Amino acid sequence: MRISSAMVRRRLFAALIVVIVLFAGLLGRLAYVQLVKGDWLTERAEQLWNRNIPFEAKRGRILDRQGKVLAYNVSTPSVMAIPAQVKDPAETARLLARVLKAPEESIYRQITKRSLTVWIKEGRKISEDAARDIQALRLPGIAVTEDSKRHYPYGAMAAHVLGFAGIDNQGLAGLELEYDKRLSGVRGYVSFKANARHEKLPGGVESFTPPKDGMDLVTTIDYYIQSVLEREMDQAMVQYQPENVLAIAMDPRTGEVLGMASRPTFNPAHYRDADPMVYNRNLPIWKTFEPGSTFKIITLAAALEEKKVSLTEGFTDPGFINVSGARLRCWKHGGHGHQTFLEVVENSCNPGFVNMGQRLGEEKLFSYIRKFGFGQKTGIDLNGEAKGILFSPERAGPVEVATTAFGQGVSVTPIQQVAAVSAAINGGYKVVPHLAKAWLDPETSRVVEREEPGKKERVISEETSRKVREALEYVVARGTGRKAFVDGYRVGGKTGTAQKVGPDGRYLQNNHIVSFIGFAPADDPRLVVYVAVDNPKGIQFGGVVAAPIVGRILDDGLRYLGVPKRKNQVSPENTPTSVSYVEVPDLIGENVSQIRNSLYSFPLLTTGRGTYVVDQLPQPGQRVKKGTPIRIYLGDKSGKGD
């Protein structure tokens, strides 16, 4: 069959069209790959060739409010493997295992991984001696490089606040965890081109992207106040042998936590050697328990704010009060008899506070409890804060309202109590406890950012707050908190003795958490301190165990802060066990013979030789406990020693 020329032309044209379409498709695909996907494909190819060796950023320091460094990084050697360069993996593993005292099989698995670089797990942060031994082996593919680890120069001080960092300098607890991202910075790296076996390509150019160091964190913690807290807790552990002790010191005006700690404690640098039950539980923010009488401050503030009671109004306590068939007893057998409501507060009289709660009623009482922050987190910048437990409205009958009024049947945290009492005494404003104060540039140490406290919410009026401070000053001067009295500083406060609840929900016998919360000066509070001692052996009363601890912390803390003493302090009640305070006479310039023949009742300690007193300690006019010795410094009349 003969094919016509017209048919041939048609076939050739069709073939040409197909070729043109295919060619256009190829051109389109090529244009798409080059123009649209070109950058992406180039980047993917670069990723296949590029190898990055990371360089860790320097972790930011943590400082106290005065600039004292509480945590920083120090250099330490670590062992790194480059598997592609290891010539004899078995022999290399054997030699490394001998120096590192580690399983040979584990090291072998690590150095034969298909990876550019591998940190030898057992070779992280080793001693200088071990590092020198490994370098002396000159093993191909094994390098000893500079690494860093977290250092805490003051050991266990503020351990639960600071927390700790892990093997890769990642924050795992405390402030180290809370602000890990800002403290960590951004890692850098050295980049070069390599083949599939991770061997560097000839002619490849290395590039270095420097790391960005983490910022330095300035905390609200004050090293001196923190050390005073920890000194007193250590003493309490020895003296009373309790299960644990916790303490918080805070500025009630701002919510800045000046000190916070608990016992038992641990060393953050060696947290792996510590009991996880210790380092995972920051008791001041995690532990919940019945507060006892320290909670009465909230009932008092609410009753005064609602004008349900007056401090001068009378109340008779027969030793108990009946509520819906339940007899709620006062701690004093036989009761306190007739007293004013100021004396109800002084004496920590349970029936009197039940009466306040009844006058407020369930709705008002629980409304104020929630206003003061109970039943919710305070917002402190630490992980692991608990909310506590309050009665739900449907379960709060007359008995529950009554027991809540004097701090029984509710569960709160120590930090909630400190925040709530701060609001009751600072003029009526709720504050947010916090630990971060400012962030510094790691190179210039200039302030980059300041952490401002949250917006203050008014809970009670200034007038009510003043009355609360007045009543609590009488508690310390003449009531159950006498042992917290500090001459000249107008200390206010409240004791707490709470029976602990066992696993079966019943109260334990002879097992209490005793506490005291105190503040000073009462006219303008600068420092509030809370101490709780869990199950002290022997004496189990907050006024006997915790109050003197708080008194000593306040005394040292206020002197350190430079807070001037007050003249108009409520005078302490004289009891057989109370201590009298007297004013130190001015002996400077006096003849030592005349002083010895005078009627001064102070014991004298002399330093130097001479006829006249050129200086003395304590200074003239200072008030001290009666019987305190005066040290006089002797010289001639012109003040020059013989």
# chains A, B, ... in the order shown; residues from 1 in each chain; ligands from 1
>>> residues_around(residues="Arg124 in chain A", least_positions_apart="2", cutoff="10 Å", atoms="only C-alpha atoms", output="PyMOL selection string")
chain A and resi 76-80+100+119-122+126-127+144-145+147-149+167-168
>>> residues_around(residues="Gly551 in chain A", least_positions_apart="3", cutoff="8 Å", atoms="only C-alpha atoms", output="PyMOL selection string")
chain A and resi 483-486+518+547-548+554-555
>>> write_last_selection(atoms="N, CA, C and O atoms", output="tab-separated table (two decimals), in the first residue's frame")
chain	number	residue	atom	x	y	z
A	483	LYS	N	8.52	36.19	122.54
A	483	LYS	CA	9.90	35.79	122.28
A	483	LYS	C	10.43	36.33	120.95
A	483	LYS	O	11.60	36.16	120.62
A	484	ALA	N	9.57	36.98	120.17
A	484	ALA	CA	10.02	37.62	118.93
A	484	ALA	C	10.31	39.11	119.13
A	484	ALA	O	10.69	39.80	118.19
A	485	PHE	N	10.15	39.59	120.36
A	485	PHE	CA	10.34	41.02	120.65
A	485	PHE	C	11.78	41.44	120.35
A	485	PHE	O	12.73	40.76	120.73
A	486	VAL	N	11.93	42.56	119.64
A	486	VAL	CA	13.23	43.16	119.37
A	486	VAL	C	13.15	44.62	119.81
A	486	VAL	O	12.37	45.40	119.27
A	518	GLY	N	6.40	37.27	111.44
A	518	GLY	CA	6.64	38.56	112.08
A	518	GLY	C	7.07	39.60	111.06
A	518	GLY	O	7.56	39.27	109.97
A	547	ALA	N	9.03	31.72	117.21
A	547	ALA	CA	9.06	33.17	117.45
A	547	ALA	C	10.47	33.71	117.71
A	547	ALA	O	10.85	34.73	117.12
A	548	PRO	N	11.28	33.09	118.58
A	548	PRO	CA	12.62	33.63	118.79
A	548	PRO	C	13.50	33.56	117.55
A	548	PRO	O	14.37	34.42	117.35
A	554	LEU	N	14.81	39.10	112.19
A	554	LEU	CA	14.39	40.50	112.05
A	554	LEU	C	15.44	41.45	112.62
A	554	LEU	O	15.77	42.47	112.01
A	555	ASP	N	15.98	41.12	113.78
A	555	ASP	CA	16.99	41.98	114.42
A	555	ASP	C	18.19	42.14	113.50
A	555	ASP	O	18.62	43.27	113.19
>>> select_by_dssp(residues="range 4-134 of chain A", states="alpha helix (DSSP H)", output="ChimeraX atom specification")
/A:5-31,38-49,89-100,104-111,128-134
>>> closest_atom_pairs(of="range 392-485 of chain A", to="range 556-573 of chain A", cutoff="10 Å", atoms="only C-alpha atoms", output="tab-separated table")
residue	atom	partner	partner_atom	distance
A:Glu470	CA	A:Val570	CA	9.2
A:Glu473	CA	A:Val570	CA	7.2
A:Tyr474	CA	A:Val570	CA	7.0
A:Val475	CA	A:Pro572	CA	9.8
A:Val476	CA	A:Pro572	CA	8.0
A:Ala477	CA	A:Pro572	CA	4.4
A:Arg478	CA	A:Glu573	CA	5.0
A:Gly479	CA	A:Glu573	CA	8.4
A:Arg482	CA	A:Pro572	CA	7.8
A:Phe485	CA	A:Pro572	CA	8.0
>>> atom_distance(atom1="CA of Ile369 in chain A", atom2="CA of Lys387 in chain A")
13.0 Å
>>> residues_around(residues="Arg263 in chain A", least_positions_apart="6", cutoff="9 Å", atoms="only C-alpha atoms", output="MDAnalysis selection string")
chainID A and resid 230 233:234 237 243:246 278 283
>>> write_last_selection(atoms="N, CA and C atoms", output="PDB file, in the first residue's frame")
ATOM      1  N   GLU A 230      19.569  30.867 106.819  1.00  0.00           N
ATOM      2  CA  GLU A 230      20.122  29.513 106.809  1.00  0.00           C
ATOM      3  C   GLU A 230      20.858  29.202 108.107  1.00  0.00           C
ATOM      4  N   MET A 233      18.130  28.283 110.578  1.00  0.00           N
ATOM      5  CA  MET A 233      17.538  26.976 110.288  1.00  0.00           C
ATOM      6  C   MET A 233      18.480  25.845 110.694  1.00  0.00           C
ATOM      7  N   ASP A 234      19.768  26.015 110.430  1.00  0.00           N
ATOM      8  CA  ASP A 234      20.736  24.996 110.846  1.00  0.00           C
ATOM      9  C   ASP A 234      20.723  24.819 112.364  1.00  0.00           C
ATOM     10  N   MET A 237      17.620  22.898 113.372  1.00  0.00           N
ATOM     11  CA  MET A 237      17.734  21.475 113.077  1.00  0.00           C
ATOM     12  C   MET A 237      18.509  20.753 114.177  1.00  0.00           C
ATOM     13  N   GLU A 243      11.517  17.286 111.479  1.00  0.00           N
ATOM     14  CA  GLU A 243      11.517  16.640 110.163  1.00  0.00           C
ATOM     15  C   GLU A 243      12.022  17.606 109.107  1.00  0.00           C
ATOM     16  N   ASN A 244      11.617  18.858 109.198  1.00  0.00           N
ATOM     17  CA  ASN A 244      12.124  19.879 108.279  1.00  0.00           C
ATOM     18  C   ASN A 244      11.874  21.264 108.860  1.00  0.00           C
ATOM     19  N   VAL A 245      12.552  22.244 108.310  1.00  0.00           N
ATOM     20  CA  VAL A 245      12.392  23.651 108.691  1.00  0.00           C
ATOM     21  C   VAL A 245      12.346  24.465 107.404  1.00  0.00           C
ATOM     22  N   LEU A 246      11.536  25.501 107.364  1.00  0.00           N
ATOM     23  CA  LEU A 246      11.505  26.382 106.205  1.00  0.00           C
ATOM     24  C   LEU A 246      11.401  27.827 106.676  1.00  0.00           C
ATOM     25  N   VAL A 278      14.343  15.479  98.306  1.00  0.00           N
ATOM     26  CA  VAL A 278      14.815  16.739  98.878  1.00  0.00           C
ATOM     27  C   VAL A 278      14.887  17.815  97.800  1.00  0.00           C
ATOM     28  N   LEU A 283      10.028  23.420  99.707  1.00  0.00           N
ATOM     29  CA  LEU A 283       8.979  23.453 100.725  1.00  0.00           C
ATOM     30  C   LEU A 283       8.274  24.803 100.860  1.00  0.00           C
TER      31      LEU A 283
END
>>> select_by_dssp(residues="range 427-514 of chain A", states="strand (DSSP E)", output="PyMOL selection string")
chain A and resi 429-430+436-440+447-450+457-458+492-501+507-514
>>> write_last_selection(atoms="C-alpha atoms", output="compact mmCIF listing (two decimals), in the first residue's frame")
# COMPACT_ATOMS: atom_id res chain seq x y z
CA TYR A 429 -2.28 46.00 98.75
CA LYS A 430 -1.81 42.49 97.38
CA ALA A 436 13.90 38.04 89.33
CA LYS A 437 14.95 41.67 89.66
CA ALA A 438 16.88 42.56 86.48
CA TRP A 439 18.72 41.18 83.44
CA LEU A 440 22.27 42.25 82.59
CA VAL A 447 20.91 46.53 82.78
CA VAL A 448 18.99 45.32 79.74
CA GLU A 449 15.63 44.81 81.41
CA ARG A 450 14.10 45.28 84.83
CA GLU A 457 -4.76 45.12 93.96
CA ARG A 458 -6.28 46.67 97.09
CA GLY A 492 4.39 42.65 115.05
CA GLY A 493 3.50 39.04 114.41
CA LYS A 494 1.45 35.95 115.10
CA THR A 495 2.20 32.47 116.37
CA GLY A 496 0.93 29.26 114.82
CA THR A 497 0.69 25.72 116.20
CA ALA A 498 -1.06 23.31 113.84
CA GLN A 499 -1.69 19.63 114.45
CA LYS A 500 -0.63 17.54 111.45
CA VAL A 501 -3.02 15.28 109.57
CA TYR A 507 -4.91 14.31 113.41
CA LEU A 508 -1.61 12.91 114.66
CA GLN A 509 -0.83 12.94 118.34
CA ASN A 510 2.15 15.04 119.51
CA ASN A 511 3.04 15.96 115.95
CA HIS A 512 2.70 19.64 115.07
CA ILE A 513 3.99 22.23 112.64
CA VAL A 514 4.86 25.27 114.74
>>> closest_residue(among="A:Gly488, A:Gly589, A:Gly67, A:Pro433", to="Thr254 in chain A", atoms="only C-alpha atoms")
A:Pro433
>>> residues_around(residues="Ile134 in chain A", least_positions_apart="2", cutoff="9 Å", atoms="only C-alpha atoms", output="PyMOL selection string")
chain A and resi 79+95-96+99-100+129-132+136-139+142-144
>>> closest_residue(among="A:Thr209, A:Thr220, A:Thr299, A:Gln241", to="Lys537 in chain A", atoms="only C-alpha atoms")
A:Gln241
>>> closest_residue(among="A:Pro153, A:Gly635, A:Gly379, A:Pro276", to="Tyr72 in chain A", atoms="only C-alpha atoms")
A:Pro153
>>> residues_around(residues="range 597-613 of chain A", least_positions_apart="3", cutoff="8 Å", atoms="only C-alpha atoms", output="number ranges by chain")
A: 587-594, 616, 626-637, 639, 641-642
>>> atom_distance(atom1="CA of Asp222 in chain A", atom2="CA of Arg281 in chain A")
22.0 Å
>>> closest_residue(among="A:Phe406, A:Tyr279, A:Trp331, A:Tyr154", to="Gly357 in chain A", atoms="only C-alpha atoms")
A:Phe406
>>> residues_around(residues="range 360-363 of chain A", least_positions_apart="6", cutoff="7 Å", atoms="only C-alpha atoms", output="ChimeraX atom specification")
/A:303,308,401
>>> decode(residues="range 331-344 of chain A", atoms="all heavy atoms", output="compact mmCIF listing (two decimals), in the first residue's frame")
# COMPACT_ATOMS: atom_id res chain seq x y z
N TRP A 331 -7.24 27.15 123.59
CA TRP A 331 -6.02 26.43 123.99
C TRP A 331 -5.76 26.56 125.49
O TRP A 331 -5.10 25.71 126.09
CB TRP A 331 -4.81 26.97 123.22
CG TRP A 331 -4.49 28.43 123.47
CD1 TRP A 331 -4.93 29.50 122.76
CD2 TRP A 331 -3.66 28.96 124.51
NE1 TRP A 331 -4.44 30.68 123.29
CE2 TRP A 331 -3.65 30.37 124.36
CE3 TRP A 331 -2.94 28.41 125.57
CZ2 TRP A 331 -2.94 31.21 125.21
CZ3 TRP A 331 -2.23 29.25 126.41
CH2 TRP A 331 -2.23 30.63 126.23
N LYS A 332 -6.33 27.59 126.13
CA LYS A 332 -6.13 27.79 127.56
C LYS A 332 -7.28 27.14 128.33
O LYS A 332 -8.44 27.51 128.14
CB LYS A 332 -6.05 29.28 127.88
CG LYS A 332 -5.76 29.56 129.36
CD LYS A 332 -5.68 31.06 129.63
CE LYS A 332 -5.38 31.32 131.10
NZ LYS A 332 -5.32 32.76 131.42
N HIS A 333 -6.95 26.19 129.18
CA HIS A 333 -7.98 25.51 129.96
C HIS A 333 -8.71 26.51 130.87
O HIS A 333 -8.10 27.27 131.60
CB HIS A 333 -7.34 24.42 130.83
CG HIS A 333 -8.34 23.62 131.61
ND1 HIS A 333 -9.20 22.72 131.01
CD2 HIS A 333 -8.64 23.60 132.95
CE1 HIS A 333 -9.97 22.17 131.92
NE2 HIS A 333 -9.66 22.69 133.11
N GLY A 334 -10.01 26.54 130.76
CA GLY A 334 -10.79 27.48 131.54
C GLY A 334 -11.01 28.79 130.83
O GLY A 334 -11.80 29.63 131.29
N GLY A 335 -10.33 29.02 129.72
CA GLY A 335 -10.54 30.22 128.92
C GLY A 335 -9.84 31.46 129.46
O GLY A 335 -9.18 31.43 130.49
N HIS A 336 -10.01 32.56 128.75
CA HIS A 336 -9.37 33.82 129.11
C HIS A 336 -10.32 34.77 129.83
O HIS A 336 -9.93 35.88 130.20
CB HIS A 336 -8.84 34.52 127.85
CG HIS A 336 -7.72 33.78 127.18
ND1 HIS A 336 -7.93 32.86 126.18
CD2 HIS A 336 -6.39 33.82 127.40
CE1 HIS A 336 -6.77 32.37 125.78
NE2 HIS A 336 -5.82 32.93 126.49
N GLY A 337 -11.56 34.35 130.02
CA GLY A 337 -12.51 35.22 130.70
C GLY A 337 -12.86 36.44 129.87
O GLY A 337 -12.86 36.40 128.64
N HIS A 338 -13.17 37.54 130.57
CA HIS A 338 -13.55 38.76 129.86
C HIS A 338 -12.29 39.45 129.31
O HIS A 338 -11.31 39.63 130.03
CB HIS A 338 -14.31 39.72 130.78
CG HIS A 338 -14.77 40.95 130.06
ND1 HIS A 338 -15.84 40.92 129.19
CD2 HIS A 338 -14.30 42.23 130.07
CE1 HIS A 338 -16.01 42.14 128.69
NE2 HIS A 338 -15.09 42.95 129.22
N GLN A 339 -12.36 39.85 128.06
CA GLN A 339 -11.23 40.50 127.40
C GLN A 339 -11.75 41.35 126.25
O GLN A 339 -12.88 41.17 125.79
CB GLN A 339 -10.25 39.44 126.88
CG GLN A 339 -10.89 38.43 125.95
CD GLN A 339 -10.01 37.25 125.60
OE1 GLN A 339 -8.79 37.33 125.66
NE2 GLN A 339 -10.61 36.13 125.24
N THR A 340 -10.94 42.28 125.80
CA THR A 340 -11.28 43.04 124.59
C THR A 340 -10.86 42.21 123.37
O THR A 340 -10.11 41.24 123.50
CB THR A 340 -10.54 44.38 124.56
OG1 THR A 340 -9.12 44.13 124.47
CG2 THR A 340 -10.83 45.21 125.79
N PHE A 341 -11.31 42.62 122.19
CA PHE A 341 -10.90 41.89 121.00
C PHE A 341 -9.41 42.09 120.70
O PHE A 341 -8.80 41.24 120.05
CB PHE A 341 -11.76 42.28 119.79
CG PHE A 341 -12.99 41.42 119.66
CD1 PHE A 341 -14.23 41.89 120.08
CD2 PHE A 341 -12.91 40.14 119.15
CE1 PHE A 341 -15.36 41.09 119.98
CE2 PHE A 341 -14.03 39.34 119.05
CZ PHE A 341 -15.26 39.81 119.46
N LEU A 342 -8.82 43.20 121.18
CA LEU A 342 -7.37 43.34 121.08
C LEU A 342 -6.70 42.24 121.90
O LEU A 342 -5.72 41.62 121.45
CB LEU A 342 -6.93 44.72 121.58
CG LEU A 342 -5.41 44.96 121.62
CD1 LEU A 342 -4.80 44.79 120.23
CD2 LEU A 342 -5.09 46.34 122.18
N GLU A 343 -7.25 41.96 123.07
CA GLU A 343 -6.69 40.89 123.90
C GLU A 343 -7.00 39.51 123.33
O GLU A 343 -6.23 38.56 123.52
CB GLU A 343 -7.23 41.01 125.33
CG GLU A 343 -6.68 42.23 126.06
CD GLU A 343 -7.40 42.50 127.37
OE1 GLU A 343 -8.62 42.25 127.45
OE2 GLU A 343 -6.72 42.94 128.31
N VAL A 344 -8.11 39.40 122.61
CA VAL A 344 -8.39 38.14 121.89
C VAL A 344 -7.26 37.83 120.91
O VAL A 344 -6.79 36.69 120.80
CB VAL A 344 -9.74 38.24 121.13
CG1 VAL A 344 -9.87 37.10 120.11
CG2 VAL A 344 -10.90 38.20 122.11
